[in-house]
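Reproduced below: structure-v6.txt, with compact mmCIF, C-alpha atoms.
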# COMPACT_ATOMS: atom_id res chain seq x y z
CA MET A 1 -44.20 -131.08 -64.13
CA SER A 2 -45.19 -128.22 -61.89
CA LYS A 3 -48.32 -128.42 -59.79
CA LEU A 4 -51.31 -126.32 -60.74
CA ALA A 5 -52.69 -123.73 -58.36
CA ILE A 6 -55.58 -122.73 -60.61
CA GLU A 7 -57.19 -124.37 -63.60
CA ALA A 8 -60.14 -123.26 -65.73
CA LYS A 9 -61.58 -125.50 -68.43
CA ASN A 10 -64.08 -124.13 -70.89
CA LEU A 11 -65.36 -121.92 -68.11
CA THR A 12 -68.58 -120.21 -69.18
CA ARG A 13 -71.18 -118.19 -67.31
CA TYR A 14 -74.41 -116.60 -68.49
CA PHE A 15 -76.49 -114.06 -66.60
CA GLY A 16 -79.91 -114.68 -68.16
CA THR A 17 -79.16 -114.79 -71.87
CA LYS A 18 -76.07 -112.64 -71.57
CA PRO A 19 -72.72 -114.44 -71.77
CA VAL A 20 -70.39 -112.84 -69.22
CA VAL A 21 -67.58 -115.39 -69.33
CA GLN A 22 -67.13 -117.39 -72.52
CA GLN A 23 -65.13 -120.61 -72.82
CA VAL A 24 -62.20 -119.47 -70.77
CA ASN A 25 -59.24 -121.84 -70.51
CA PHE A 26 -56.08 -121.29 -68.49
CA THR A 27 -53.79 -122.94 -65.99
CA ILE A 28 -51.68 -121.19 -63.37
CA PRO A 29 -48.78 -123.21 -61.95
CA VAL A 30 -47.72 -122.86 -58.32
CA GLY A 31 -45.16 -120.06 -57.95
CA SER A 32 -46.64 -117.51 -60.38
CA VAL A 33 -47.98 -114.01 -59.81
CA VAL A 34 -50.59 -113.48 -62.50
CA GLY A 35 -52.25 -110.15 -63.27
CA LEU A 36 -55.84 -110.25 -64.52
CA LEU A 37 -56.74 -107.13 -66.49
CA GLY A 38 -59.85 -105.93 -68.23
CA LEU A 39 -62.36 -103.11 -68.38
CA ASN A 40 -65.18 -103.04 -65.84
CA GLY A 41 -67.69 -105.64 -66.92
CA ALA A 42 -65.14 -107.70 -68.86
CA GLY A 43 -65.80 -110.69 -66.61
CA LYS A 44 -62.84 -110.63 -64.18
CA SER A 45 -64.89 -110.70 -60.98
CA THR A 46 -67.25 -113.31 -62.39
CA ILE A 47 -64.28 -115.59 -63.09
CA ILE A 48 -62.94 -115.00 -59.58
CA LYS A 49 -66.33 -115.75 -58.01
CA MET A 50 -66.52 -119.01 -59.94
CA LEU A 51 -62.96 -119.90 -58.88
CA MET A 52 -63.95 -119.28 -55.26
CA GLY A 53 -67.05 -121.45 -55.65
CA MET A 54 -69.35 -118.51 -54.96
CA LEU A 55 -70.98 -118.76 -58.36
CA GLU A 56 -71.70 -121.87 -60.42
CA PRO A 57 -70.43 -122.02 -63.99
CA THR A 58 -73.10 -122.39 -66.65
CA ARG A 59 -70.70 -124.70 -68.50
CA GLY A 60 -67.16 -125.87 -67.95
CA SER A 61 -65.31 -126.14 -64.68
CA CYS A 62 -62.54 -124.72 -62.57
CA SER A 63 -60.42 -125.86 -59.68
CA LEU A 64 -58.16 -124.41 -57.00
CA LEU A 65 -55.23 -126.42 -55.58
CA GLY A 66 -56.49 -129.44 -57.48
CA VAL A 67 -60.01 -129.36 -56.02
CA GLU A 68 -63.10 -128.53 -58.06
CA SER A 69 -64.27 -125.02 -57.04
CA THR A 70 -67.85 -126.16 -56.49
CA SER A 71 -66.71 -128.67 -53.87
CA LEU A 72 -64.09 -126.71 -51.91
CA GLY A 73 -64.27 -127.80 -48.28
CA PRO A 74 -63.10 -126.00 -45.13
CA ASN A 75 -59.74 -127.74 -45.40
CA GLU A 76 -59.02 -126.34 -48.87
CA ARG A 77 -60.52 -122.98 -48.05
CA SER A 78 -58.09 -122.51 -45.18
CA ARG A 79 -55.28 -122.82 -47.77
CA ILE A 80 -56.76 -120.06 -49.95
CA GLY A 81 -56.72 -116.33 -49.18
CA TYR A 82 -59.29 -114.11 -50.84
CA THR A 83 -59.59 -110.34 -50.57
CA ILE A 84 -62.03 -108.03 -52.24
CA GLU A 85 -62.20 -104.27 -52.25
CA GLY A 86 -64.47 -103.11 -49.46
CA HIS A 87 -63.71 -106.20 -47.35
CA PHE A 88 -66.21 -106.30 -44.52
CA LEU A 89 -64.74 -105.19 -41.21
CA TYR A 90 -66.57 -104.39 -37.96
CA SER A 91 -65.89 -100.67 -37.73
CA GLY A 92 -66.25 -100.46 -33.97
CA MET A 93 -63.56 -103.07 -33.34
CA THR A 94 -59.93 -102.36 -32.68
CA VAL A 95 -57.40 -103.85 -35.07
CA ARG A 96 -56.23 -106.21 -32.32
CA ALA A 97 -59.79 -107.50 -31.73
CA ALA A 98 -60.27 -108.11 -35.46
CA GLU A 99 -57.08 -110.17 -35.41
CA THR A 100 -58.20 -112.25 -32.40
CA LEU A 101 -61.55 -112.97 -34.04
CA GLN A 102 -59.87 -114.16 -37.25
CA ALA A 103 -56.94 -115.99 -35.60
CA ASP A 104 -59.33 -118.31 -33.74
CA CYS A 105 -60.51 -119.75 -37.05
CA PHE A 106 -57.04 -120.59 -38.38
CA PRO A 107 -54.67 -123.08 -36.72
CA LYS A 108 -51.61 -121.80 -38.62
CA TRP A 109 -52.16 -118.11 -37.67
CA ASP A 110 -48.94 -116.08 -37.96
CA SER A 111 -49.15 -113.18 -35.53
CA LEU A 112 -45.72 -111.85 -36.40
CA LEU A 113 -46.66 -111.61 -40.08
CA PHE A 114 -49.82 -109.75 -39.06
CA GLN A 115 -47.74 -107.18 -37.17
CA THR A 116 -45.21 -106.80 -39.99
CA THR A 117 -47.98 -106.17 -42.47
CA LEU A 118 -49.63 -103.61 -40.17
CA GLN A 119 -46.30 -101.80 -39.90
CA ARG A 120 -45.99 -101.63 -43.68
CA PHE A 121 -49.30 -99.81 -43.81
CA GLY A 122 -48.51 -97.68 -40.75
CA ILE A 123 -51.36 -99.11 -38.64
CA SER A 124 -51.36 -99.32 -34.85
CA PRO A 125 -53.08 -102.46 -33.42
CA HIS A 126 -54.91 -100.31 -30.86
CA GLU A 127 -56.65 -98.19 -33.50
CA ARG A 128 -60.37 -98.56 -34.05
CA ILE A 129 -61.15 -99.67 -37.58
CA ARG A 130 -63.57 -96.80 -38.16
CA ASN A 131 -60.74 -94.27 -37.65
CA LEU A 132 -58.52 -95.76 -40.35
CA SER A 133 -57.97 -94.47 -43.88
CA ARG A 134 -59.09 -96.44 -46.90
CA GLY A 135 -55.52 -97.54 -47.58
CA GLN A 136 -55.12 -98.74 -44.01
CA ARG A 137 -58.39 -100.69 -44.15
CA ALA A 138 -57.10 -102.41 -47.29
CA GLY A 139 -53.95 -103.11 -45.29
CA ILE A 140 -55.95 -104.78 -42.53
CA SER A 141 -57.88 -106.87 -45.05
CA ILE A 142 -54.69 -108.16 -46.57
CA ALA A 143 -52.98 -108.64 -43.19
CA LEU A 144 -55.98 -110.69 -41.99
CA THR A 145 -55.91 -112.75 -45.18
CA LEU A 146 -52.17 -113.39 -45.26
CA SER A 147 -51.67 -114.23 -41.60
CA SER A 148 -53.64 -117.45 -42.01
CA GLN A 149 -50.69 -118.48 -44.24
CA PRO A 150 -52.58 -119.41 -47.39
CA GLU A 151 -50.82 -121.09 -50.32
CA LEU A 152 -52.93 -119.29 -52.88
CA LEU A 153 -53.92 -115.65 -52.74
CA ILE A 154 -56.72 -114.22 -54.89
CA LEU A 155 -57.02 -110.45 -54.84
CA ASP A 156 -59.95 -108.79 -56.59
CA ASP A 157 -59.03 -105.16 -57.23
CA PRO A 158 -57.26 -104.62 -53.88
CA SER A 159 -55.70 -101.30 -54.87
CA LEU A 160 -58.95 -99.53 -55.80
CA GLY A 161 -58.84 -96.03 -54.36
CA LEU A 162 -55.50 -96.49 -52.59
CA ASP A 163 -52.93 -93.70 -52.22
CA PRO A 164 -49.42 -94.28 -53.64
CA VAL A 165 -47.92 -95.13 -50.23
CA SER A 166 -50.53 -97.81 -49.54
CA ARG A 167 -50.12 -99.17 -53.06
CA ARG A 168 -46.41 -99.55 -52.48
CA ALA A 169 -47.09 -101.28 -49.16
CA LEU A 170 -49.51 -103.62 -50.93
CA ASN A 171 -46.93 -104.44 -53.62
CA GLU A 172 -44.28 -105.13 -50.99
CA THR A 173 -46.71 -107.34 -49.10
CA ILE A 174 -47.57 -109.38 -52.20
CA LEU A 175 -43.91 -109.82 -53.16
CA SER A 176 -42.83 -110.86 -49.69
CA PHE A 177 -45.75 -113.32 -49.60
CA MET A 178 -44.27 -114.89 -52.75
CA GLU A 179 -40.74 -115.23 -51.39
CA PRO A 180 -40.95 -118.84 -50.14
CA GLY A 181 -41.51 -119.84 -53.81
CA ASP A 182 -44.35 -122.33 -53.30
CA ARG A 183 -47.11 -119.74 -53.31
CA THR A 184 -49.34 -118.32 -55.99
CA VAL A 185 -51.14 -115.01 -56.51
CA LEU A 186 -53.95 -114.05 -58.87
CA LEU A 187 -54.30 -110.29 -58.86
CA SER A 188 -57.12 -108.48 -60.61
CA SER A 189 -56.41 -104.76 -60.89
CA HIS A 190 -56.71 -101.61 -62.98
CA MET A 191 -53.35 -100.33 -61.77
CA LEU A 192 -51.10 -101.05 -64.73
CA ASP A 193 -47.98 -99.79 -62.96
CA ASP A 194 -48.52 -102.23 -60.11
CA ILE A 195 -49.20 -105.11 -62.49
CA GLU A 196 -46.01 -104.31 -64.40
CA ARG A 197 -43.98 -104.28 -61.20
CA VAL A 198 -45.41 -107.23 -59.32
CA THR A 199 -46.60 -109.89 -61.78
CA ASP A 200 -44.72 -112.22 -64.08
CA ARG A 201 -47.64 -113.00 -66.33
CA VAL A 202 -50.69 -111.11 -67.62
CA MET A 203 -54.09 -112.19 -68.76
CA ILE A 204 -56.28 -109.60 -70.45
CA MET A 205 -60.05 -110.07 -70.75
CA THR A 206 -62.41 -108.36 -73.12
CA GLU A 207 -66.08 -109.20 -73.38
CA GLY A 208 -65.83 -112.39 -71.38
CA ARG A 209 -62.88 -113.86 -73.24
CA ILE A 210 -59.19 -114.01 -72.48
CA VAL A 211 -57.47 -112.28 -75.39
CA VAL A 212 -53.95 -112.22 -73.97
CA ASP A 213 -52.22 -114.79 -71.79
CA SER A 214 -48.50 -114.12 -71.82
CA SER A 215 -45.38 -113.74 -69.72
CA LEU A 216 -44.77 -110.06 -69.05
CA PRO A 217 -41.50 -109.49 -70.98
CA HIS A 218 -42.81 -111.57 -73.86
CA PHE A 219 -46.03 -109.54 -74.06
CA VAL A 220 -44.29 -106.21 -74.61
CA SER A 221 -41.57 -107.55 -76.88
CA ARG A 222 -44.10 -109.03 -79.33
CA LEU A 223 -45.89 -105.70 -79.80
CA SER A 224 -44.84 -102.70 -81.82
CA VAL A 225 -46.41 -99.32 -82.50
CA TRP A 226 -46.42 -97.94 -86.04
CA THR A 227 -47.43 -94.42 -87.03
CA CYS A 228 -47.84 -92.86 -90.45
CA GLU A 229 -49.80 -90.26 -92.36
CA CYS A 230 -52.66 -92.24 -93.78
CA SER A 231 -55.03 -91.07 -96.49
CA GLU A 232 -57.41 -94.01 -96.18
CA PRO A 233 -60.20 -93.95 -93.58
CA LEU A 234 -58.87 -95.78 -90.53
CA ASP A 235 -61.66 -98.29 -90.16
CA ARG A 236 -61.06 -99.54 -93.69
CA VAL A 237 -57.37 -100.23 -93.17
CA GLN A 238 -56.49 -103.93 -93.32
CA ILE A 239 -53.16 -105.01 -91.85
CA ALA A 240 -52.22 -108.51 -90.80
CA ARG A 241 -51.95 -109.05 -87.01
CA LEU A 242 -53.29 -105.58 -86.27
CA VAL A 243 -54.35 -105.24 -82.63
CA SER A 244 -55.77 -101.72 -82.59
CA ARG A 245 -55.78 -98.46 -84.52
CA ARG A 246 -56.07 -94.89 -83.44
CA GLN A 247 -55.98 -91.41 -84.91
CA VAL A 248 -53.33 -89.21 -83.28
CA GLY A 249 -53.46 -85.71 -84.75
CA ARG A 250 -52.79 -86.11 -88.49
CA ASN A 251 -51.24 -89.50 -87.99
CA ALA A 252 -52.68 -92.95 -87.80
CA SER A 253 -51.24 -95.17 -85.09
CA PHE A 254 -51.33 -98.97 -85.23
CA VAL A 255 -50.41 -101.53 -82.60
CA ILE A 256 -49.28 -104.76 -84.25
CA VAL A 257 -48.38 -108.13 -82.77
CA ASP A 258 -45.40 -110.05 -84.23
CA ALA A 259 -44.70 -107.50 -86.97
CA ASP A 260 -42.56 -108.74 -89.84
CA GLU A 261 -41.49 -107.68 -93.34
CA MET A 262 -45.07 -108.02 -94.60
CA THR A 263 -46.15 -105.47 -91.99
CA GLN A 264 -43.50 -103.07 -93.20
CA GLN A 265 -44.65 -103.48 -96.81
CA GLU A 266 -48.32 -103.08 -95.95
CA LEU A 267 -47.64 -99.92 -93.95
CA HIS A 268 -45.36 -98.53 -96.61
CA ARG A 269 -48.22 -98.84 -99.06
CA LEU A 270 -50.42 -96.85 -96.66
CA GLY A 271 -48.08 -94.12 -95.51
CA GLY A 272 -45.02 -94.14 -97.80
CA ASN A 273 -41.95 -92.78 -96.07
CA THR A 274 -43.91 -91.22 -93.20
CA VAL A 275 -43.95 -94.65 -91.52
CA ARG A 276 -42.27 -94.77 -88.09
CA GLN A 277 -41.88 -97.79 -85.86
CA GLU A 278 -41.53 -97.76 -82.07
CA GLU A 279 -41.54 -100.27 -79.28
CA SER A 280 -44.76 -100.61 -77.34
CA THR A 281 -44.96 -99.73 -73.65
CA PHE A 282 -46.78 -102.08 -71.31
CA ASP A 283 -49.63 -99.55 -71.00
CA GLU A 284 -49.97 -99.13 -74.75
CA GLY A 285 -50.10 -102.89 -75.19
CA VAL A 286 -52.78 -103.34 -72.56
CA MET A 287 -54.83 -100.40 -73.89
CA ALA A 288 -54.60 -101.78 -77.42
CA TYR A 289 -56.14 -105.09 -76.38
CA MET A 290 -58.79 -103.45 -74.21
CA SER A 291 -59.72 -100.68 -76.63
CA ARG A 292 -62.98 -100.55 -78.50
CA ASN A 293 -61.04 -100.04 -81.74
CA ARG A 294 -59.53 -103.43 -81.32
CA SER A 295 -59.39 -105.42 -84.53
CA ALA A 296 -59.99 -109.12 -84.76
CA ALA A 297 -56.42 -109.63 -83.58
CA SER A 298 -54.88 -113.01 -83.28
CA LEU A 299 -55.15 -114.41 -79.79
CA MET A 300 -51.91 -114.25 -77.93
CA SER A 301 -50.63 -117.03 -75.77
CA ILE A 302 -47.45 -117.72 -73.85
CA MET B 1 -24.56 -97.74 -56.86
CA ARG B 2 -28.24 -96.90 -56.64
CA TYR B 3 -30.70 -98.61 -58.94
CA ARG B 4 -33.88 -96.84 -59.98
CA ILE B 5 -36.76 -97.92 -62.16
CA VAL B 6 -40.08 -96.50 -63.28
CA ALA B 7 -43.16 -98.45 -64.30
CA GLY B 8 -45.17 -97.28 -67.32
CA SER B 9 -42.04 -96.26 -69.22
CA ASN B 10 -41.43 -97.15 -72.87
CA VAL B 11 -38.42 -99.09 -71.61
CA PRO B 12 -39.50 -102.36 -69.93
CA ILE B 13 -38.33 -102.68 -66.32
CA PHE B 14 -35.91 -105.54 -67.05
CA ARG B 15 -34.21 -103.42 -69.69
CA GLN B 16 -33.99 -100.38 -67.38
CA ILE B 17 -32.01 -102.51 -64.94
CA ALA B 18 -29.78 -103.95 -67.66
CA ASP B 19 -29.16 -100.47 -69.10
CA GLN B 20 -28.17 -99.06 -65.71
CA ILE B 21 -25.65 -101.83 -65.11
CA GLY B 22 -24.33 -101.48 -68.67
CA ARG B 23 -23.92 -97.73 -68.18
CA ALA B 24 -22.23 -98.16 -64.79
CA VAL B 25 -19.70 -100.51 -66.39
CA ALA B 26 -19.05 -98.00 -69.19
CA THR B 27 -18.45 -95.12 -66.78
CA GLY B 28 -16.38 -97.20 -64.38
CA ASP B 29 -18.87 -97.06 -61.50
CA LEU B 30 -18.87 -100.85 -61.70
CA LYS B 31 -15.50 -102.48 -62.34
CA ILE B 32 -14.46 -105.94 -63.51
CA GLY B 33 -15.05 -108.43 -60.73
CA ASP B 34 -17.51 -106.19 -58.84
CA SER B 35 -20.62 -107.97 -57.67
CA VAL B 36 -24.17 -106.79 -58.29
CA PRO B 37 -26.99 -107.31 -55.75
CA SER B 38 -28.60 -110.75 -55.64
CA VAL B 39 -31.80 -111.18 -57.66
CA ARG B 40 -33.85 -111.36 -54.49
CA GLN B 41 -32.21 -108.32 -52.88
CA LEU B 42 -32.63 -106.07 -55.90
CA ALA B 43 -36.24 -107.22 -56.38
CA ARG B 44 -36.93 -106.36 -52.75
CA ASP B 45 -35.22 -102.95 -52.97
CA LEU B 46 -37.08 -101.97 -56.13
CA VAL B 47 -40.40 -103.61 -55.13
CA ILE B 48 -40.61 -105.65 -58.32
CA ASN B 49 -41.08 -109.28 -59.29
CA PRO B 50 -37.79 -111.24 -58.89
CA ASN B 51 -38.27 -112.78 -62.36
CA THR B 52 -37.87 -109.29 -63.82
CA VAL B 53 -34.44 -108.93 -62.18
CA ALA B 54 -33.55 -112.48 -63.21
CA LYS B 55 -34.47 -111.62 -66.81
CA ALA B 56 -32.26 -108.49 -66.73
CA TYR B 57 -29.33 -110.50 -65.32
CA SER B 58 -29.70 -113.36 -67.77
CA ASP B 59 -29.74 -110.86 -70.67
CA LEU B 60 -26.55 -109.30 -69.26
CA VAL B 61 -24.97 -112.74 -68.99
CA ALA B 62 -25.94 -113.44 -72.59
CA SER B 63 -24.39 -110.17 -73.74
CA GLY B 64 -21.21 -110.84 -71.76
CA VAL B 65 -21.52 -108.00 -69.23
CA LEU B 66 -22.22 -110.24 -66.22
CA GLU B 67 -20.91 -113.60 -65.21
CA ASN B 68 -22.96 -115.96 -63.04
CA GLN B 69 -20.88 -117.83 -60.49
CA PRO B 70 -23.31 -120.42 -59.11
CA GLY B 71 -23.61 -120.17 -55.36
CA ARG B 72 -21.72 -116.87 -55.25
CA GLY B 73 -23.79 -114.50 -57.36
CA TYR B 74 -23.38 -112.26 -60.37
CA PHE B 75 -20.17 -110.38 -61.19
CA ILE B 76 -19.02 -107.90 -63.81
CA ASN B 77 -17.32 -109.95 -66.49
CA LYS B 78 -13.87 -109.52 -67.99
CA ARG B 79 -14.98 -110.38 -71.48
CA ARG B 80 -16.63 -107.22 -72.73
CA GLN B 81 -17.55 -107.60 -76.37
CA VAL B 82 -19.84 -110.32 -77.62
CA PHE B 83 -21.85 -108.30 -80.13
CA THR B 84 -21.17 -108.33 -83.83
CA LYS B 85 -19.97 -105.12 -85.44
CA THR B 86 -23.43 -104.59 -86.99
CA GLU B 87 -25.18 -105.00 -83.65
CA ARG B 88 -22.74 -102.64 -81.96
CA LEU B 89 -23.35 -100.05 -84.66
CA ARG B 90 -27.11 -100.48 -84.37
CA ARG B 91 -26.98 -99.88 -80.62
CA LEU B 92 -24.69 -96.88 -81.05
CA ASP B 93 -26.94 -95.38 -83.73
CA GLU B 94 -29.94 -95.62 -81.42
CA THR B 95 -28.20 -93.40 -78.91
CA ILE B 96 -26.85 -91.02 -81.54
CA ASP B 97 -30.39 -90.60 -82.92
CA LEU B 98 -31.45 -89.26 -79.55
CA LEU B 99 -28.38 -87.02 -79.36
CA ILE B 100 -29.07 -85.54 -82.79
CA SER B 101 -32.73 -84.74 -82.09
CA GLN B 102 -31.83 -83.13 -78.75
CA SER B 103 -29.01 -81.16 -80.37
CA VAL B 104 -31.29 -79.77 -83.07
CA ALA B 105 -33.96 -78.90 -80.50
CA LEU B 106 -31.38 -77.07 -78.36
CA ASP B 107 -29.89 -75.35 -81.40
CA PHE B 108 -26.38 -76.82 -81.39
CA SER B 109 -24.44 -77.28 -84.64
CA ALA B 110 -22.88 -80.61 -85.60
CA SER B 111 -19.37 -79.36 -84.93
CA GLU B 112 -20.31 -77.95 -81.51
CA VAL B 113 -21.81 -81.31 -80.59
CA LEU B 114 -18.76 -83.22 -81.85
CA ASP B 115 -16.40 -81.03 -79.84
CA ARG B 116 -18.48 -81.54 -76.73
CA VAL B 117 -18.61 -85.30 -77.27
CA LYS B 118 -14.81 -85.44 -77.57
CA GLU B 119 -14.40 -83.32 -74.46
CA LEU B 120 -16.71 -85.49 -72.33
CA PHE B 121 -15.25 -88.68 -73.77
CA THR B 122 -11.77 -87.73 -72.55
CA GLN B 123 -13.14 -86.68 -69.17
CA LYS B 124 -15.09 -89.93 -68.62
CA LEU B 125 -12.38 -92.25 -69.86
CA SER B 126 -9.70 -90.64 -67.70
CA VAL B 127 -11.90 -91.44 -64.71
CA ALA B 128 -12.75 -94.95 -65.89
CA PRO B 129 -9.69 -97.20 -65.71
CA GLU B 130 -9.47 -99.89 -68.39
Can the structure from this file be put into structure tokens for me?
Amino acid sequence: MSKLAIEAKNLTRYFGTKPVVQQVNFTIPVGSVVGLLGLNGAGKSTIIKMLMGMLEPTRGSCSLLGVESTSLGPNERSRIGYTIEGHFLYSGMTVRAAETLQADCFPKWDSLLFQTTLQRFGISPHERIRNLSRGQRAGISIALTLSSQPELLILDDPSLGLDPVSRRALNETILSFMEPGDRTVLLSSHMLDDIERVTDRVMIMTEGRIVVDSSLPHFVSRLSVWTCECSEPLDRVQIARLVSRRQVGRNASFVIVDADEMTQQELHRLGGNTVRQEESTFDEGVMAYMSRNRSAASLMSI
Amino acid sequence: MRYRIVAGSNVPIFRQIADQIGRAVATGDLKIGDSVPSVRQLARDLVINPNTVAKAYSDLVASGVLENQPGRGYFINKRRQVFTKTERLRRLDETIDLLISQSVALDFSASEVLDRVKELFTQKLSVAPE
């Protein structure tokens, strides 16, 4: 039995009468890098805020490192790293001064790791924070977070607005953080390429619910893309295990989960011998689950 | 040999790695008994999750291309063929499909393509020792 880094049970949050997170259940064992995906407003940040104990659930509960999020003490918090886009930094400070300020609060501060991370992002410790690029500021945020040697790292959209070089540095930083094997990362991002590279599991949220929770290779291999010339209006098409549909030129395109012989027969009825089947890319799969043309697809789990 | 991958491709990253090793074995760039980088090293070089490399390697072990020698690493295996005839044909047809569509697009006739295939086959195989 592996230990759990994160657990959410029936996690639900309303803002007024509006449900933002609805009965979300998942567990993340120690040693995973999990990507959390979803459109803006899908509920990703609300979940993360509840995990961090910054927001109370309306119903249900969640815990980090075995401790209920609403009662995380300083001891647990020092084992958790949390970075958000636009991390607050005193702009007049030098990088070195920001490090000293932070290091004083953490007994396990790793100054060497701080320097290594700065180097990855091409930052000099003598620089003033106000003179740094957006990518470098993100680098400082993550360097400050990691150098306290947390066991669990929660990143809320850390790559927003980063250039490709900084994104690569961020990916390298996350992967080297994971190397000891007893650490865990939850990464919320819109950068599908980064998620595909760095994570081993994806969770996709739409409208407050988790619609996909799957290992990465498994996710793509269960999906297939089918195209055909289709005389019927798209929104009336009924196919079992249909995830989403789309019109592409004269063709209809369907993303289907766990397609089988039935699928083939159903599509043949629709499009005769114009039916073509392809494998799904990671992007196509994610888009299919996030799209507004999503059908009432079966929920996917690991 | 240099490994390269792209994210966002219609070929999952683990399969890109497996394909490159498979191809290198076919062309003789990797020979029987050669080692491949450790899971951790290749993951670091390519900036990808180590489980992705591990998945590629375990698929290659399952298909008989690689052999895992615990404690030593992964090596190109002697035993080459573990696929059934049908599976081998299916894999070959996939590649030929691509060849045919490219040939038509570039305006080559079937016999021109066949001649070229034979020519390159001889060239490659004379380089690649059995």
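Across the model, the gap from atom CA of Gly122 of chain A to atom CA of Leu89 of chain A is 17.9 Å.
Counting all atoms listed in the file, the residue from A:Glu151, A:Glu76, A:Glu229, A:Asp213 that sits nearest to Arg183 of chain A is A:Glu151.
One distance worth recording is that between atom CA of Ser231 of chain A and atom CA of Asn251 of chain A, which is 9.4 Å.
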- [ ] Just the residues within 12 Å of Thr173 of chain A, please, counting all atoms listed in the file, with nothing from its chain fewer than 6 positions along; format it as number ranges by chain.
- [x] A: 113-121, 138-143, 145-147, 153, 158, 166-167, 179, 185, 198; B: 44, 47-49
Wanna dump the chain A-chain B contacts at 9 Å for me, each residue with its shortest atom pair and the distance in Å to one decimal, counting all atoms listed in the file, ordered by chain and number, as JSON lines?
{"residue": "A:Val33", "atom": "CA", "partner": "B:Asn49", "partner_atom": "CA", "distance": 8.4}
{"residue": "A:Arg168", "atom": "CA", "partner": "B:Val47", "partner_atom": "CA", "distance": 7.7}
{"residue": "A:Asn171", "atom": "CA", "partner": "B:Val47", "partner_atom": "CA", "distance": 6.8}
{"residue": "A:Glu172", "atom": "CA", "partner": "B:Val47", "partner_atom": "CA", "distance": 5.9}
{"residue": "A:Leu175", "atom": "CA", "partner": "B:Asn49", "partner_atom": "CA", "distance": 6.8}
{"residue": "A:Ser176", "atom": "CA", "partner": "B:Arg44", "partner_atom": "CA", "distance": 8.0}
{"residue": "A:Glu179", "atom": "CA", "partner": "B:Arg40", "partner_atom": "CA", "distance": 8.5}
{"residue": "A:Leu192", "atom": "CA", "partner": "B:Gly8", "partner_atom": "CA", "distance": 7.5}
{"residue": "A:Asp193", "atom": "CA", "partner": "B:Ala7", "partner_atom": "CA", "distance": 5.2}
{"residue": "A:Asp194", "atom": "CA", "partner": "B:Ala7", "partner_atom": "CA", "distance": 7.8}
{"residue": "A:Glu196", "atom": "CA", "partner": "B:Ala7", "partner_atom": "CA", "distance": 6.5}
{"residue": "A:Arg197", "atom": "CA", "partner": "B:Ile48", "partner_atom": "CA", "distance": 4.6}
{"residue": "A:Val198", "atom": "CA", "partner": "B:Asn49", "partner_atom": "CA", "distance": 4.8}
{"residue": "A:Thr199", "atom": "CA", "partner": "B:Asn49", "partner_atom": "CA", "distance": 6.1}
{"residue": "A:Asp200", "atom": "CA", "partner": "B:Asn49", "partner_atom": "CA", "distance": 6.7}
{"residue": "A:Leu216", "atom": "CA", "partner": "B:Thr52", "partner_atom": "CA", "distance": 8.7}
{"residue": "A:Pro217", "atom": "CA", "partner": "B:Pro12", "partner_atom": "CA", "distance": 7.5}
{"residue": "A:Val220", "atom": "CA", "partner": "B:Pro12", "partner_atom": "CA", "distance": 7.7}
{"residue": "A:Ser221", "atom": "CA", "partner": "B:Pro12", "partner_atom": "CA", "distance": 8.9}
{"residue": "A:Glu279", "atom": "CA", "partner": "B:Asn10", "partner_atom": "CA", "distance": 7.1}
{"residue": "A:Ser280", "atom": "CA", "partner": "B:Asn10", "partner_atom": "CA", "distance": 6.6}
{"residue": "A:Thr281", "atom": "CA", "partner": "B:Asn10", "partner_atom": "CA", "distance": 4.4}
{"residue": "A:Phe282", "atom": "CA", "partner": "B:Gly8", "partner_atom": "CA", "distance": 6.4}
{"residue": "A:Asp283", "atom": "CA", "partner": "B:Gly8", "partner_atom": "CA", "distance": 6.2}
{"residue": "A:Glu284", "atom": "CA", "partner": "B:Asn10", "partner_atom": "CA", "distance": 9.0}
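Using only C-alpha atoms, the nearest neighbour of Val212 of chain A within the list A:Val30, A:Leu36, A:Gln23, A:Leu101 is A:Leu36.
With only C-alpha atoms as the basis for measurement, A:Arg79 is the residue among A:Arg201, A:Arg96, A:Arg137, A:Arg79 that approaches Leu65 of chain A most closely.
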TODO: One decimal, Å: what's the distance from atom CA of Glu112 of chain B over to atom CA of Lys85 of chain B, could you say?
DONE: 27.5 Å
Identify, on the basis of only C-alpha atoms, every residue whose closest approach to segment 89-106 of chain B does not exceed 12 Å; exclude the query and any residue fewer than 4 positions from it along the same chain; express the result as a PDB file with C-alpha atoms, in the coordinates of the input.
ATOM      1  CA  GLU A 278     -41.530 -97.760 -82.070  1.00  0.00           C
TER       2      GLU A 278
ATOM      3  CA  ASP B  19     -29.160-100.470 -69.100  1.00  0.00           C
ATOM      4  CA  PHE B  83     -21.850-108.300 -80.130  1.00  0.00           C
ATOM      5  CA  THR B  84     -21.170-108.330 -83.830  1.00  0.00           C
ATOM      6  CA  LYS B  85     -19.970-105.120 -85.440  1.00  0.00           C
ATOM      7  CA  ALA B 110     -22.880 -80.610 -85.600  1.00  0.00           C
ATOM      8  CA  SER B 111     -19.370 -79.360 -84.930  1.00  0.00           C
ATOM      9  CA  GLU B 112     -20.310 -77.950 -81.510  1.00  0.00           C
ATOM     10  CA  VAL B 113     -21.810 -81.310 -80.590  1.00  0.00           C
ATOM     11  CA  LEU B 114     -18.760 -83.220 -81.850  1.00  0.00           C
ATOM     12  CA  ARG B 116     -18.480 -81.540 -76.730  1.00  0.00           C
ATOM     13  CA  VAL B 117     -18.610 -85.300 -77.270  1.00  0.00           C
TER      14      VAL B 117
END
